[in-house]
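Visitor: I'd like to ask you about the structure that follows.
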Amino acid sequence: MSSTIDVTTLADLLRRAAKAEILPRFRRLGGDDVRAKSEATDLVTEADLHAERMIKAEAGALWPDAVFIGEESVAADPDLLGRLEGADFAIVVDPVDGTFNFASGIPAFGVMASVVFKGETVAGIIYDPMGDDWVIAETGGGAWLRRPDGEAERLSVAAPVALEDMVGMASTGFLPKPKRSEILANLAKVRFLANYRCAAHEYRAFAGGHVHYLMYNKLMPWDHLAGTLISIEAGAHAARFDGSPYLPHHTSGGLLIAPDQDSWDNLRREVFTI
């Protein structure tokens with residue numbers, strides 16, 4: 001993979017886009033700078049649009065052979081998403097993950113990118129503009145917290161615990177309505193449930209060993225490719241609800257991530273009975 005793209009260069013590009021286009025707009029958005037897309041809580045801001053435009057332009061200059069799949073690019077041209085499955089080389093970007101938080105002035109948002117090579121996610125990056133650091137993984141290389149001064153810390157998922165002691169995050173809003181109440185009731189079996197409304201920070205928390213599970217039902221590649229690879233490289237077991245691997249072109253089938261397969265099986269059997 002390293003012969004195709006330098007992940008450090010891509011990580012630096014995310015940081016520069018955040019500093020140029022995202023942070024200057026944080027808590028400074030005007031009324032015309034925020035718009036709803038599919039629903040009232042699905043937002044896009046001028047920060048999303050300008051940051052993606054910058055990342056796309058610079059990534060295109062650096063890696064002209066890559067198919068660029070950005071959240072806002074797909075919003076403008078939905079057919080673009082279909083190019084991911086057959087692409088030999090693609091860069092997938094979420095310019096502001098946690099846009100609802102960003103637009104609300106809540107400092108829990110991130111910039112995410114992944115690299116897909118011949119149908120496999122081979123690199124993932126989650127940049128935190130507020131903390132000014134990255135969580136990065138490449139296939140087979142482990143998951144790392146990296147700071148701008150070069151300091152690096154290897155990440156590892158939490159040790160497995162009993163179901164009743166598990167703390168984690170689940171995005172229940174996109175569950176089928178007939179199942180939502182059942183799943184929410186089942187979640188009483190775990191110790192704690194949270195939802196940051198920001199997959200970037202949820203994946204960072206999981207890969208850092210702070211929580212024991214993540215669950216998502218709606219799968220868009222810019223939201224989950226980077227975090228899933230990072231989680232796996234930190235030692236996790238990740239699979240769709242039917243137990244099959246999560247692949248870059250999947251947009252349905254759910255996703256459950258846990259510290260090991262036994263924990264995954266227990267959560268799937270007792271809680272996420274979808």
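Ordering of the structure tokens sets the chain letters (A, B, ...), residue numbers begin anew at 1 in every chain, and ligands are numbered from 1 in the order given.
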Using DSSP on the backbone coordinates, identify the residues of segment 54-225 of chain A assigned to alpha helix (DSSP H); present them as number ranges by chain.

Guide: A: 54-62, 71-76, 83-86, 99-103, 177-186, 199-207, 221-225

Visitor: How close does each residue of segment 203-231 of chain A get to segment 243-267 of chain A, giving the shortest atom pair and distance in Å to one decimal for every residue with an atom at most 8 Å away, counting only C-alpha atoms, sorted by chain and residue number, as JSON lines?

Guide:
{"residue": "A:His212", "atom": "CA", "partner": "A:Ala258", "partner_atom": "CA", "distance": 5.8}
{"residue": "A:Tyr213", "atom": "CA", "partner": "A:Ala258", "partner_atom": "CA", "distance": 4.6}
{"residue": "A:Leu214", "atom": "CA", "partner": "A:Ile257", "partner_atom": "CA", "distance": 5.2}
{"residue": "A:Met215", "atom": "CA", "partner": "A:Leu256", "partner_atom": "CA", "distance": 4.6}
{"residue": "A:Tyr216", "atom": "CA", "partner": "A:Leu255", "partner_atom": "CA", "distance": 5.2}
{"residue": "A:Asn217", "atom": "CA", "partner": "A:Gly254", "partner_atom": "CA", "distance": 4.0}
{"residue": "A:Lys218", "atom": "CA", "partner": "A:Ser252", "partner_atom": "CA", "distance": 5.9}
{"residue": "A:Leu219", "atom": "CA", "partner": "A:Thr251", "partner_atom": "CA", "distance": 4.4}
{"residue": "A:Met220", "atom": "CA", "partner": "A:Thr251", "partner_atom": "CA", "distance": 5.4}
{"residue": "A:Pro221", "atom": "CA", "partner": "A:Pro248", "partner_atom": "CA", "distance": 6.1}
{"residue": "A:Leu225", "atom": "CA", "partner": "A:Pro248", "partner_atom": "CA", "distance": 6.5}
{"residue": "A:Thr228", "atom": "CA", "partner": "A:Ile257", "partner_atom": "CA", "distance": 8.0}
{"residue": "A:Ser231", "atom": "CA", "partner": "A:Ile257", "partner_atom": "CA", "distance": 7.8}

Visitor: Among segment 65-266 of chain A, which ones does DSSP place in strand (DSSP E or B), written as a PyMOL selection string?

Guide: chain A and resi 67-70+89-97+110-117+120-128+133-138+143-146+152-154+167-170+192-194+213-216+237-239+255-258

Visitor: Can you tell me, as a ChimeraX atom specification, what residues are no more than 10 Å from Arg35 of chain A when counting only C-alpha atoms, ignoring any on the same chain fewer than 6 positions away?

Guide: /A:41-46,103

Visitor: How many Å lie between atom CA of Ala234 of chain A and atom CA of His201 of chain A, rounded to one decimal?

Guide: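 Spanning atom CA of Ala234 of chain A to atom CA of His201 of chain A is a straight-line distance of 15.1 Å.
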
Visitor: Taking only C-alpha atoms into account, name the residue in A:Ala36, A:Ala207, A:Ile5, A:Met169 that is nearest to Val122 of chain A.

Guide: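 Looking at the shortest contact to Val122 of chain A, the residue is A:Ile5.
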
Visitor: Return the single residue from A:His224, A:Phe192, A:Gly173, A:Ala158 that is closest to His210 of chain A, with distances computed using only C-alpha atoms.

Guide: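 Residue with the minimum atom-to-atom distance to His210 of chain A: A:Ala158.
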
Visitor: Using only C-alpha atoms, determine which residues lie at most 12 Å from Gly105 of chain A, disregarding the query and same-chain residues fewer than 5 positions distant; provide the list as a PyMOL selection string.

Guide: chain A and resi 23+25-29+98-100

Visitor: Kindly save the residues from that selection, with N, CA and C atoms included, as a short mmCIF file (atom, residue, chain, number, x, y, z; two decimals), in the first residue's frame.

Guide:
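What follows is the written file result_21.cif:
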data_model
loop_
_atom_site.label_atom_id
_atom_site.label_comp_id
_atom_site.auth_asym_id
_atom_site.auth_seq_id
_atom_site.Cartn_x
_atom_site.Cartn_y
_atom_site.Cartn_z
N LEU A 23 -11.87 24.98 11.25
CA LEU A 23 -11.75 25.67 12.54
C LEU A 23 -12.09 27.16 12.47
N ARG A 25 -14.39 28.50 10.97
CA ARG A 25 -15.85 28.62 10.92
C ARG A 25 -16.54 28.08 12.17
N PHE A 26 -15.79 27.42 13.05
CA PHE A 26 -16.41 26.82 14.24
C PHE A 26 -16.95 27.92 15.15
N ARG A 27 -18.23 27.78 15.48
CA ARG A 27 -18.97 28.76 16.28
C ARG A 27 -19.03 30.14 15.62
N ARG A 28 -18.82 30.16 14.31
CA ARG A 28 -18.92 31.42 13.57
C ARG A 28 -19.79 31.27 12.32
N LEU A 29 -20.62 30.24 12.28
CA LEU A 29 -21.46 29.99 11.13
C LEU A 29 -22.64 30.96 11.11
N GLY A 98 -19.66 14.47 12.15
CA GLY A 98 -20.25 15.12 13.32
C GLY A 98 -20.70 16.53 12.98
N THR A 99 -21.24 16.71 11.77
CA THR A 99 -21.64 18.05 11.35
C THR A 99 -22.70 18.64 12.25
N PHE A 100 -23.61 17.82 12.77
CA PHE A 100 -24.63 18.33 13.70
C PHE A 100 -23.97 18.95 14.92
#

Visitor: Which polymer residues have any atom within 12 Å of an atom of Leu80 of chain A, counting only C-alpha atoms, with same-chain residues fewer than 2 positions away left out, as a PyMOL selection string?

Guide: chain A and resi 67-78+82-87+90+92+249
